[in-house]
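Single-structure report; data block below.
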Amino acid sequence: MPILRRLSLITALFSMSALLAGCSSAVENSRYEEGKNHKLTVLHTNDNSGQFWRNDKGEWGMAARKTLIDSIREEVESKGGHVLVLSGGNINKGVPEPDLQSGIPDILGMNLMDYDAMVVGCQEFDIPPNTLKRQQELADFPMLAANVFDSETGQPQFDSFKTFHFDGFTVSVVGITTPDTLRNGHPENTIGIDFRDPVRTGRSVARMLRDDADMLIALTHLGHFETNNGCLSSPGDITLANKVKGYDLIVGGHSQDTLFQPVRQNGTWIVQAGSRGQYVGRADFELNNGLLSMTDYQLIPVNHEGDEKVVPEDPEMLELLAPYKLDRNAGVLKEPAFRSISSPNESVADYRTTESSAISIISLNDN
Ligand SMILES: [Zn+2]
């Protein structure tokens, strides 16, 4: 059922506050064209946790995902629509490859698929801060987190949002990271980091952006729950939607929920796409005279075992990622096969377990 929301189109100057660090300046006004049917398709993944290559059963992987994304992009753009590709965070940790290679293949793969933005996930704090900084430099897309600050200086640690300007309409994407990262992430990597309340931050940013954007998206790593599953304390996407007005869509991560249909709360659609690249979420929107509607939603499987239709793997992606695929039977990964980084200063090269590694381990953490 398409649900409509009237969008305010008040022209307002945007004043940048110390609270916010945006990736682009906010628009001064919304300029949808009267009578024109604007189309936007939001594609999303979350919690890939280093699963850039297909698994042993031939499932998932970025090469098949690229084929899917490319074909959707071609279809949408051929009809005059636009595409945003978003990640709900956690590209690091999970399988050995990202830790051993500083998450480089994951970021290169996301660059090749033209991801537009990612929220900083809790597992991005399992790697040393220097490595995360180098990942940001390598990424062609912003890593967003509006509620993560330096506890001493009060300075934002990441960009808060990014505004996208399409022909005749604007979309702002706000990143929000779970404060449970203080419990989930490596404790040494969260020293001096202030994770502010997602609801309060989400509300402040929404108030500043929503009148200037035709669509406002919260790209979250909070989890799809009211409170964090009862065992932890941070609010999740459902609470955010119920307590904050103004977000049209919440693209989530962290709890790894596989939502085959969007959940509607307080006028906000909430989506999440499982984990490890098992699915690509696709939400199609239309904007008509200031009214936004979701016209279709699909959670598209990426080569699950037993699928009748196999998505071919993109050759360019295979060529890009093949050098980073670890041969787990070639002695590259001796015991322990996986461990957390124990020190912010520990180099990824410290993980090298044999000189005869089939790959050369590249370190982003070189100082
Ligand atoms: Zn998480």
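Ordering of the structure tokens sets the chain letters (A, B, ...), residue numbers begin anew at 1 in every chain, and ligands are numbered from 1 in the order given.
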Mind checking which residues fall within 7 Å of segment 128-144 of chain A, counting only C-alpha atoms, ignoring those fewer than 5 positions away in the same chain, and posting them as a PDB file with C-alpha atoms, in the first residue's frame?
ATOM      1  CA  SER A 102      42.385  -4.260   6.406  1.00  0.00           C
ATOM      2  CA  ILE A 107      35.985  -1.248   0.030  1.00  0.00           C
ATOM      3  CA  ASN A 111      33.720   1.392  -4.935  1.00  0.00           C
ATOM      4  CA  TYR A 115      27.996   2.645  -3.263  1.00  0.00           C
ATOM      5  CA  ASP A 116      26.777   6.131  -2.368  1.00  0.00           C
ATOM      6  CA  ALA A 117      27.071   6.010   1.432  1.00  0.00           C
ATOM      7  CA  MET A 118      27.656   3.722   4.388  1.00  0.00           C
ATOM      8  CA  VAL A 119      26.941   4.130   8.082  1.00  0.00           C
ATOM      9  CA  VAL A 120      29.797   3.349  10.458  1.00  0.00           C
ATOM     10  CA  PHE A 158      32.554  11.352  10.891  1.00  0.00           C
ATOM     11  CA  ASP A 159      30.367  13.196   8.435  1.00  0.00           C
ATOM     12  CA  SER A 160      26.784  13.305   9.689  1.00  0.00           C
ATOM     13  CA  PHE A 161      24.924  13.210   6.404  1.00  0.00           C
ATOM     14  CA  VAL A 174      21.907  10.620   7.768  1.00  0.00           C
ATOM     15  CA  GLY A 175      24.175   8.046   9.444  1.00  0.00           C
ATOM     16  CA  ASN A 189      39.294   1.512  19.903  1.00  0.00           C
ATOM     17  CA  PRO A 344      45.126   0.019  18.133  1.00  0.00           C
ATOM     18  CA  ASN A 345      48.749   0.157  17.020  1.00  0.00           C
ATOM     19  CA  LEU A 364      46.451   0.174   5.769  1.00  0.00           C
ATOM     20  CA  ASN A 365      47.712   0.505   9.312  1.00  0.00           C
TER      21      ASN A 365
END
Counting only C-alpha atoms, what is within 12 Å of Glu33 of chain A, bar same-chain residues fewer than 2 positions away, as number ranges by chain? A: 9, 30-31, 35-38, 166-170, 214, 287-291
Report as a PyMOL selection string: the residues of segment 37-250 of chain A with a DSSP assignment of strand (DSSP E), based on the backbone of this structure. chain A and resi 37-45+82-87+117-119+143-144+148-150+161-166+169-177+193-195+215-221+249-250
Serialized selection, C-alpha atoms, as a PDB file, in the first residue's frame:
ATOM      1  CA  ASN A  37       6.907  11.887 -11.674  1.00  0.00           C
ATOM      2  CA  HIS A  38      10.368  11.565 -10.116  1.00  0.00           C
ATOM      3  CA  LYS A  39      11.637   8.029  -9.572  1.00  0.00           C
ATOM      4  CA  LEU A  40      14.231   6.885  -7.055  1.00  0.00           C
ATOM      5  CA  THR A  41      15.327   3.321  -6.303  1.00  0.00           C
ATOM      6  CA  VAL A  42      17.205   2.688  -3.052  1.00  0.00           C
ATOM      7  CA  LEU A  43      19.355  -0.447  -3.030  1.00  0.00           C
ATOM      8  CA  HIS A  44      20.769  -1.580   0.299  1.00  0.00           C
ATOM      9  CA  THR A  45      22.909  -4.181   2.039  1.00  0.00           C
ATOM     10  CA  HIS A  82      17.845   7.394 -10.191  1.00  0.00           C
ATOM     11  CA  VAL A  83      19.566   4.894  -7.913  1.00  0.00           C
ATOM     12  CA  LEU A  84      21.132   5.200  -4.457  1.00  0.00           C
ATOM     13  CA  VAL A  85      23.184   2.301  -3.100  1.00  0.00           C
ATOM     14  CA  LEU A  86      23.535   2.279   0.700  1.00  0.00           C
ATOM     15  CA  SER A  87      25.218   0.094   3.308  1.00  0.00           C
ATOM     16  CA  ALA A 117      27.071   6.010   1.432  1.00  0.00           C
ATOM     17  CA  MET A 118      27.656   3.722   4.388  1.00  0.00           C
ATOM     18  CA  VAL A 119      26.941   4.130   8.082  1.00  0.00           C
ATOM     19  CA  MET A 143      31.180   6.675   6.063  1.00  0.00           C
ATOM     20  CA  LEU A 144      28.498   8.511   8.045  1.00  0.00           C
ATOM     21  CA  VAL A 148      29.889   9.833  17.151  1.00  0.00           C
ATOM     22  CA  PHE A 149      32.050  12.522  18.737  1.00  0.00           C
ATOM     23  CA  ASP A 150      35.410  13.020  20.366  1.00  0.00           C
ATOM     24  CA  PHE A 161      24.924  13.210   6.404  1.00  0.00           C
ATOM     25  CA  LYS A 162      25.184  13.468   2.670  1.00  0.00           C
ATOM     26  CA  THR A 163      22.740  15.274   0.438  1.00  0.00           C
ATOM     27  CA  PHE A 164      22.180  13.993  -3.094  1.00  0.00           C
ATOM     28  CA  HIS A 165      20.856  16.303  -5.780  1.00  0.00           C
ATOM     29  CA  PHE A 166      18.944  14.664  -8.578  1.00  0.00           C
ATOM     30  CA  PHE A 169      14.619  16.650  -6.167  1.00  0.00           C
ATOM     31  CA  THR A 170      16.980  16.148  -3.271  1.00  0.00           C
ATOM     32  CA  VAL A 171      17.582  13.273  -0.877  1.00  0.00           C
ATOM     33  CA  SER A 172      19.524  13.533   2.384  1.00  0.00           C
ATOM     34  CA  VAL A 173      21.030  10.457   4.052  1.00  0.00           C
ATOM     35  CA  VAL A 174      21.907  10.620   7.768  1.00  0.00           C
ATOM     36  CA  GLY A 175      24.175   8.046   9.444  1.00  0.00           C
ATOM     37  CA  ILE A 176      23.503   6.878  13.049  1.00  0.00           C
ATOM     38  CA  THR A 177      25.650   4.315  14.896  1.00  0.00           C
ATOM     39  CA  ILE A 193      34.704   8.285  21.723  1.00  0.00           C
ATOM     40  CA  ASP A 194      31.311   9.642  22.721  1.00  0.00           C
ATOM     41  CA  PHE A 195      28.372   7.782  21.157  1.00  0.00           C
ATOM     42  CA  MET A 215      13.267  12.643   1.033  1.00  0.00           C
ATOM     43  CA  LEU A 216      15.106  12.009   4.296  1.00  0.00           C
ATOM     44  CA  ILE A 217      16.770   8.651   4.925  1.00  0.00           C
ATOM     45  CA  ALA A 218      18.263   7.428   8.205  1.00  0.00           C
ATOM     46  CA  LEU A 219      21.051   4.997   7.389  1.00  0.00           C
ATOM     47  CA  THR A 220      21.459   3.243  10.710  1.00  0.00           C
ATOM     48  CA  HIS A 221      23.509   0.649  12.485  1.00  0.00           C
ATOM     49  CA  LEU A 249      12.960   5.583   5.283  1.00  0.00           C
ATOM     50  CA  ILE A 250      15.274   3.853   7.747  1.00  0.00           C
TER      51      ILE A 250
END
Please find the residues contacting ligand 1 at a distance of at most 7 Å between atoms, with only C-alpha atoms and all ligand atoms counted, and report them as a PyMOL selection string. chain A and resi 90+121-123+221+253-255
Taking only C-alpha atoms into account, name the residue in A:Ala63, A:Ala322, A:Asn46, A:Val205 that is nearest to Val271 of chain A.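 Between A:Ala63, A:Ala322, A:Asn46, A:Val205, the residue approaching Val271 of chain A most closely is A:Asn46.
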Which residues are near Thr258 of chain A? Cut-off 9 Å, only C-alpha atoms, ignore same chain within fewer than 5 positions. Put them as a ChimeraX atom specification. /A:271-275,279,299
Could you write out the selected residues, including C-alpha atoms, as a compact mmCIF listing (two decimals), in the first residue's frame?
# COMPACT_ATOMS: atom_id res chain seq x y z
CA VAL A 271 14.13 -2.08 5.90
CA GLN A 272 17.07 -4.41 6.54
CA ALA A 273 18.68 -7.03 4.30
CA GLY A 274 19.98 -9.90 6.44
CA SER A 275 23.77 -10.12 6.41
CA TYR A 279 20.30 -10.20 -0.24
CA LEU A 299 14.52 -8.41 -0.98
Calculated over only C-alpha atoms, which of the candidates A:Asn48, A:Ser234, A:Asn147, A:Gln157 has the smallest distance to Pro105 of chain A? A:Asn48
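Going from atom CA of Asp296 of chain A over to atom CA of Ile72 of chain A, you cover 13.4 Å.
You can rank A:Phe125, A:Tyr297, A:Phe52, A:Tyr324 by their closest distance to Pro262 of chain A using only C-alpha atoms, and at the top of that list sits A:Tyr297.
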Please, which residues of segment 166-284 of chain A, numbered as in this document, come out helix (DSSP H, G or I) from DSSP, as JSON, numbers by chain? {"A": [181, 182, 183, 184, 187, 188, 189, 190, 198, 199, 200, 201, 202, 203, 204, 205, 206, 207, 208, 209, 210, 211, 212, 237, 238, 239, 240, 241, 242, 243]}
Can you spit out the residues from that selection as an mmCIF file, in the first residue's frame, using N, CA and C atoms?
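Written file, result.cif:
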data_model
loop_
_atom_site.group_PDB
_atom_site.id
_atom_site.type_symbol
_atom_site.label_atom_id
_atom_site.label_comp_id
_atom_site.auth_asym_id
_atom_site.auth_seq_id
_atom_site.Cartn_x
_atom_site.Cartn_y
_atom_site.Cartn_z
ATOM 1 N N THR A 181 28.110 -0.007 20.564
ATOM 2 C CA THR A 181 29.474 -0.237 20.087
ATOM 3 C C THR A 181 30.459 -0.191 21.261
ATOM 4 N N LEU A 182 30.121 0.586 22.280
ATOM 5 C CA LEU A 182 30.981 0.640 23.465
ATOM 6 C C LEU A 182 31.106 -0.732 24.107
ATOM 7 N N ARG A 183 30.088 -1.562 23.931
ATOM 8 C CA ARG A 183 30.133 -2.914 24.497
ATOM 9 C C ARG A 183 30.571 -3.933 23.461
ATOM 10 N N ASN A 184 30.183 -3.671 22.189
ATOM 11 C CA ASN A 184 30.454 -4.651 21.129
ATOM 12 C C ASN A 184 31.823 -4.481 20.489
ATOM 13 N N PRO A 187 37.372 -2.509 23.093
ATOM 14 C CA PRO A 187 37.378 -1.408 24.064
ATOM 15 C C PRO A 187 38.475 -0.377 23.818
ATOM 16 N N GLU A 188 39.622 -0.812 23.348
ATOM 17 C CA GLU A 188 40.709 0.165 23.138
ATOM 18 C C GLU A 188 40.403 1.109 21.989
ATOM 19 N N ASN A 189 39.581 0.668 21.064
ATOM 20 C CA ASN A 189 39.294 1.512 19.903
ATOM 21 C C ASN A 189 38.159 2.503 20.148
ATOM 22 N N THR A 190 37.497 2.382 21.297
ATOM 23 C CA THR A 190 36.423 3.327 21.594
ATOM 24 C C THR A 190 36.795 4.265 22.747
ATOM 25 N N PRO A 198 21.008 8.015 19.913
ATOM 26 C CA PRO A 198 20.543 7.989 18.518
ATOM 27 C C PRO A 198 19.250 8.766 18.295
ATOM 28 N N VAL A 199 18.331 8.704 19.267
ATOM 29 C CA VAL A 199 17.048 9.377 19.085
ATOM 30 C C VAL A 199 17.232 10.890 19.118
ATOM 31 N N ARG A 200 17.986 11.348 20.116
ATOM 32 C CA ARG A 200 18.175 12.797 20.233
ATOM 33 C C ARG A 200 18.952 13.339 19.024
ATOM 34 N N THR A 201 19.999 12.632 18.659
ATOM 35 C CA THR A 201 20.780 13.077 17.492
ATOM 36 C C THR A 201 19.948 12.979 16.225
ATOM 37 N N GLY A 202 19.246 11.855 16.080
ATOM 38 C CA GLY A 202 18.427 11.671 14.880
ATOM 39 C C GLY A 202 17.390 12.768 14.744
ATOM 40 N N ARG A 203 16.832 13.186 15.877
ATOM 41 C CA ARG A 203 15.814 14.249 15.860
ATOM 42 C C ARG A 203 16.443 15.583 15.467
ATOM 43 N N SER A 204 17.599 15.907 16.071
ATOM 44 C CA SER A 204 18.262 17.190 15.767
ATOM 45 C C SER A 204 18.599 17.296 14.284
ATOM 46 N N VAL A 205 19.160 16.225 13.744
ATOM 47 C CA VAL A 205 19.573 16.276 12.342
ATOM 48 C C VAL A 205 18.345 16.332 11.436
ATOM 49 N N ALA A 206 17.322 15.566 11.783
ATOM 50 C CA ALA A 206 16.100 15.576 10.961
ATOM 51 C C ALA A 206 15.493 16.969 10.923
ATOM 52 N N ARG A 207 15.478 17.646 12.080
ATOM 53 C CA ARG A 207 14.898 18.998 12.128
ATOM 54 C C ARG A 207 15.672 19.949 11.227
ATOM 55 N N MET A 208 16.982 19.760 11.153
ATOM 56 C CA MET A 208 17.786 20.678 10.349
ATOM 57 C C MET A 208 17.675 20.404 8.852
ATOM 58 N N LEU A 209 17.390 19.150 8.498
ATOM 59 C CA LEU A 209 17.457 18.781 7.081
ATOM 60 C C LEU A 209 16.110 18.621 6.398
ATOM 61 N N ARG A 210 15.075 18.284 7.172
ATOM 62 C CA ARG A 210 13.907 17.741 6.479
ATOM 63 C C ARG A 210 13.166 18.745 5.612
ATOM 64 N N ASP A 211 13.191 20.018 5.977
ATOM 65 C CA ASP A 211 12.480 20.982 5.152
ATOM 66 C C ASP A 211 13.192 21.262 3.843
ATOM 67 N N ASP A 212 14.446 20.879 3.780
ATOM 68 C CA ASP A 212 15.228 21.151 2.576
ATOM 69 C C ASP A 212 15.383 19.931 1.687
ATOM 70 N N ASP A 237 15.848 0.731 15.444
ATOM 71 C CA ASP A 237 15.153 1.448 14.368
ATOM 72 C C ASP A 237 13.682 1.716 14.690
ATOM 73 N N ILE A 238 13.036 0.767 15.367
ATOM 74 C CA ILE A 238 11.604 0.947 15.657
ATOM 75 C C ILE A 238 11.405 2.121 16.611
ATOM 76 N N THR A 239 12.277 2.196 17.604
ATOM 77 C CA THR A 239 12.191 3.326 18.534
ATOM 78 C C THR A 239 12.480 4.636 17.817
ATOM 79 N N LEU A 240 13.505 4.622 16.980
ATOM 80 C CA LEU A 240 13.853 5.842 16.233
ATOM 81 C C LEU A 240 12.658 6.332 15.425
ATOM 82 N N ALA A 241 12.009 5.381 14.719
ATOM 83 C CA ALA A 241 10.865 5.771 13.888
ATOM 84 C C ALA A 241 9.714 6.306 14.740
ATOM 85 N N ASN A 242 9.488 5.685 15.882
ATOM 86 C CA ASN A 242 8.350 6.085 16.705
ATOM 87 C C ASN A 242 8.583 7.377 17.477
ATOM 88 N N LYS A 243 9.838 7.673 17.738
ATOM 89 C CA LYS A 243 10.120 8.870 18.547
ATOM 90 C C LYS A 243 10.541 10.071 17.725
#
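Compared by their closest atoms to Phe225 of chain A, and using only C-alpha atoms, the residues A:Gln298, A:Thr178, A:Thr153, A:Asn303 rank with A:Thr178 nearest.
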